Amino acid sequence: PQELARLADDPDAAVRAEVADNPATPPDALAALAGDPFYIVRAAVAHNPATPPATRAVLADDGEWLVRTLAQHPTASTAEILAMAQQRGD
């Protein structure tokens with residue numbers, strides 16, 4: 001967890017996304033990553049089953065539809081997410 005918390009500040013968005021998707025990432029690091037400028041990092045936080053409800057609630061109002069969808073439906077499969085995107089016309 002300490003290494004994950006340190007990597008949450010990595011300058012590489014791909015590294016931050018991996019940290020955001022890791023269930024062992026500490027809740028405070030997930031909360032910080034929920035404010036990341038890259039939507040893919042925020043989507044990874046929203047998809048993480050360990051993300052606390054308060055952080056998930058913040059992401060449910062995100063400006064990116066994918067982040068909102070994952071926050072609102074954290075157990076949705078990739079196929080379900082793609083179906084939702086098709087319904088939206090994305």
# chains A, B, ... in the order shown; residues from 1 in each chain; ligands from 1
call {"tool": "residues_around", "arguments": {"residues": "Ala17 (chain A)", "least_positions_apart": "4", "cutoff": "10 Å", "atoms": "only C-alpha atoms", "output": "JSON, numbers by chain"}}
result
{"A": [7, 8, 10, 12, 13, 21, 22, 33, 36, 38, 39, 40, 41, 42, 43, 44, 45]}
call {"tool": "atom_distance", "arguments": {"atom1": "CA of Gln72 (chain A)", "atom2": "CA of Glu3 (chain A)"}}
result
28.5 Å
call {"tool": "select_by_dssp", "arguments": {"residues": "region 59-90 of chain A", "states": "alpha helix (DSSP H)", "output": "JSON, numbers by chain"}}
result
{"A": [59, 65, 66, 67, 68, 69, 70, 71, 72, 78, 79, 80, 81, 82, 83, 84, 85, 86, 87, 88]}
call {"tool": "atom_distance", "arguments": {"atom1": "CA of Val15 (chain A)", "atom2": "CA of Ala57 (chain A)"}}
result
23.7 Å
call {"tool": "atom_distance", "arguments": {"atom1": "CA of Glu18 (chain A)", "atom2": "CA of Arg88 (chain A)"}}
result
27.1 Å
call {"tool": "residues_around", "arguments": {"residues": "region 23-25 of chain A", "least_positions_apart": "4", "cutoff": "8 Å", "atoms": "only C-alpha atoms", "output": "list in words"}}
result
Pro1, Leu4, Ala5, Val19, Ala29, Leu30, Asn48, Pro49, Ala50 and Thr51 of chain A
call {"tool": "closest_residue", "arguments": {"among": "A:Leu70, A:Pro27, A:Ser77, A:Gly63", "to": "Ala46 (chain A)", "atoms": "only C-alpha atoms"}}
result
A:Leu70
call {"tool": "residues_around", "arguments": {"residues": "Met84 (chain A)", "least_positions_apart": "5", "cutoff": "12 Å", "atoms": "only C-alpha atoms", "output": "list in words"}}
result
Trp65, Leu66, Arg68, Thr69, Leu70, His73, Ala76, Ser77, Thr78, Ala79, Gly89 and Asp90 of chain A
call {"tool": "decode", "arguments": {"residues": "region 52-78 of chain A", "atoms": "N, CA, C and O atoms", "output": "compact mmCIF listing (two decimals), in the first residue's frame"}}
result
# COMPACT_ATOMS: atom_id res chain seq x y z
N PRO A 52 -13.98 3.67 -2.03
CA PRO A 52 -15.00 3.95 -1.01
C PRO A 52 -16.25 4.60 -1.63
O PRO A 52 -16.16 5.30 -2.64
N PRO A 53 -17.40 4.38 -1.02
CA PRO A 53 -18.65 4.94 -1.54
C PRO A 53 -18.61 6.45 -1.72
O PRO A 53 -19.16 6.96 -2.70
N ALA A 54 -17.97 7.18 -0.82
CA ALA A 54 -17.93 8.64 -0.94
C ALA A 54 -17.17 9.06 -2.20
O ALA A 54 -17.57 10.00 -2.90
N THR A 55 -16.09 8.37 -2.49
CA THR A 55 -15.32 8.67 -3.70
C THR A 55 -16.11 8.28 -4.93
O THR A 55 -16.15 9.01 -5.93
N ARG A 56 -16.77 7.14 -4.88
CA ARG A 56 -17.60 6.69 -6.00
C ARG A 56 -18.73 7.70 -6.26
O ARG A 56 -19.07 7.98 -7.41
N ALA A 57 -19.29 8.28 -5.20
CA ALA A 57 -20.36 9.27 -5.36
C ALA A 57 -19.86 10.51 -6.09
O ALA A 57 -20.58 11.07 -6.92
N VAL A 58 -18.64 10.92 -5.80
CA VAL A 58 -18.05 12.07 -6.50
C VAL A 58 -17.90 11.74 -7.99
O VAL A 58 -18.25 12.55 -8.85
N LEU A 59 -17.41 10.55 -8.28
CA LEU A 59 -17.19 10.14 -9.66
C LEU A 59 -18.50 9.93 -10.42
O LEU A 59 -18.53 10.04 -11.65
N ALA A 60 -19.57 9.68 -9.72
CA ALA A 60 -20.88 9.50 -10.37
C ALA A 60 -21.35 10.78 -11.04
O ALA A 60 -22.26 10.75 -11.88
N ASP A 61 -20.73 11.92 -10.69
CA ASP A 61 -21.07 13.21 -11.31
C ASP A 61 -19.96 13.72 -12.23
O ASP A 61 -19.94 14.88 -12.61
N ASP A 62 -19.02 12.85 -12.60
CA ASP A 62 -17.89 13.23 -13.45
C ASP A 62 -18.37 13.71 -14.81
O ASP A 62 -19.44 13.31 -15.28
N GLY A 63 -17.59 14.55 -15.43
CA GLY A 63 -17.93 15.08 -16.76
C GLY A 63 -17.81 14.07 -17.88
O GLY A 63 -18.40 14.26 -18.95
N GLU A 64 -17.09 12.99 -17.69
CA GLU A 64 -16.93 11.95 -18.71
C GLU A 64 -17.96 10.84 -18.47
O GLU A 64 -18.06 10.31 -17.37
N TRP A 65 -18.69 10.48 -19.52
CA TRP A 65 -19.74 9.47 -19.37
C TRP A 65 -19.19 8.14 -18.89
O TRP A 65 -19.83 7.45 -18.11
N LEU A 66 -18.00 7.73 -19.35
CA LEU A 66 -17.45 6.44 -18.95
C LEU A 66 -17.19 6.40 -17.45
O LEU A 66 -17.50 5.42 -16.78
N VAL A 67 -16.64 7.48 -16.92
CA VAL A 67 -16.37 7.55 -15.47
C VAL A 67 -17.68 7.47 -14.70
O VAL A 67 -17.80 6.70 -13.74
N ARG A 68 -18.66 8.25 -15.13
CA ARG A 68 -19.98 8.22 -14.47
C ARG A 68 -20.58 6.83 -14.51
O ARG A 68 -21.10 6.33 -13.51
N THR A 69 -20.52 6.19 -15.67
CA THR A 69 -21.12 4.86 -15.83
C THR A 69 -20.45 3.85 -14.93
O THR A 69 -21.12 3.06 -14.25
N LEU A 70 -19.12 3.85 -14.90
CA LEU A 70 -18.40 2.91 -14.05
C LEU A 70 -18.67 3.17 -12.58
O LEU A 70 -18.79 2.24 -11.78
N ALA A 71 -18.78 4.43 -12.20
CA ALA A 71 -19.06 4.76 -10.81
C ALA A 71 -20.46 4.32 -10.40
O ALA A 71 -20.68 3.87 -9.28
N GLN A 72 -21.40 4.41 -11.32
CA GLN A 72 -22.77 4.03 -11.03
C GLN A 72 -23.01 2.53 -11.17
O GLN A 72 -23.94 1.99 -10.58
N HIS A 73 -22.17 1.85 -11.98
CA HIS A 73 -22.32 0.42 -12.23
C HIS A 73 -20.95 -0.26 -12.10
O HIS A 73 -20.40 -0.77 -13.08
N PRO A 74 -20.36 -0.27 -10.90
CA PRO A 74 -18.98 -0.75 -10.74
C PRO A 74 -18.77 -2.22 -11.07
O PRO A 74 -17.65 -2.63 -11.36
N THR A 75 -19.82 -3.01 -11.09
CA THR A 75 -19.66 -4.44 -11.39
C THR A 75 -20.01 -4.77 -12.84
O THR A 75 -20.01 -5.94 -13.22
N ALA A 76 -20.29 -3.76 -13.64
CA ALA A 76 -20.66 -4.00 -15.04
C ALA A 76 -19.49 -4.61 -15.80
O ALA A 76 -18.34 -4.24 -15.60
N SER A 77 -19.81 -5.53 -16.68
CA SER A 77 -18.78 -6.15 -17.51
C SER A 77 -18.42 -5.20 -18.66
O SER A 77 -19.14 -4.24 -18.94
N THR A 78 -17.34 -5.53 -19.34
CA THR A 78 -16.93 -4.73 -20.50
C THR A 78 -18.04 -4.74 -21.55
O THR A 78 -18.35 -3.71 -22.14
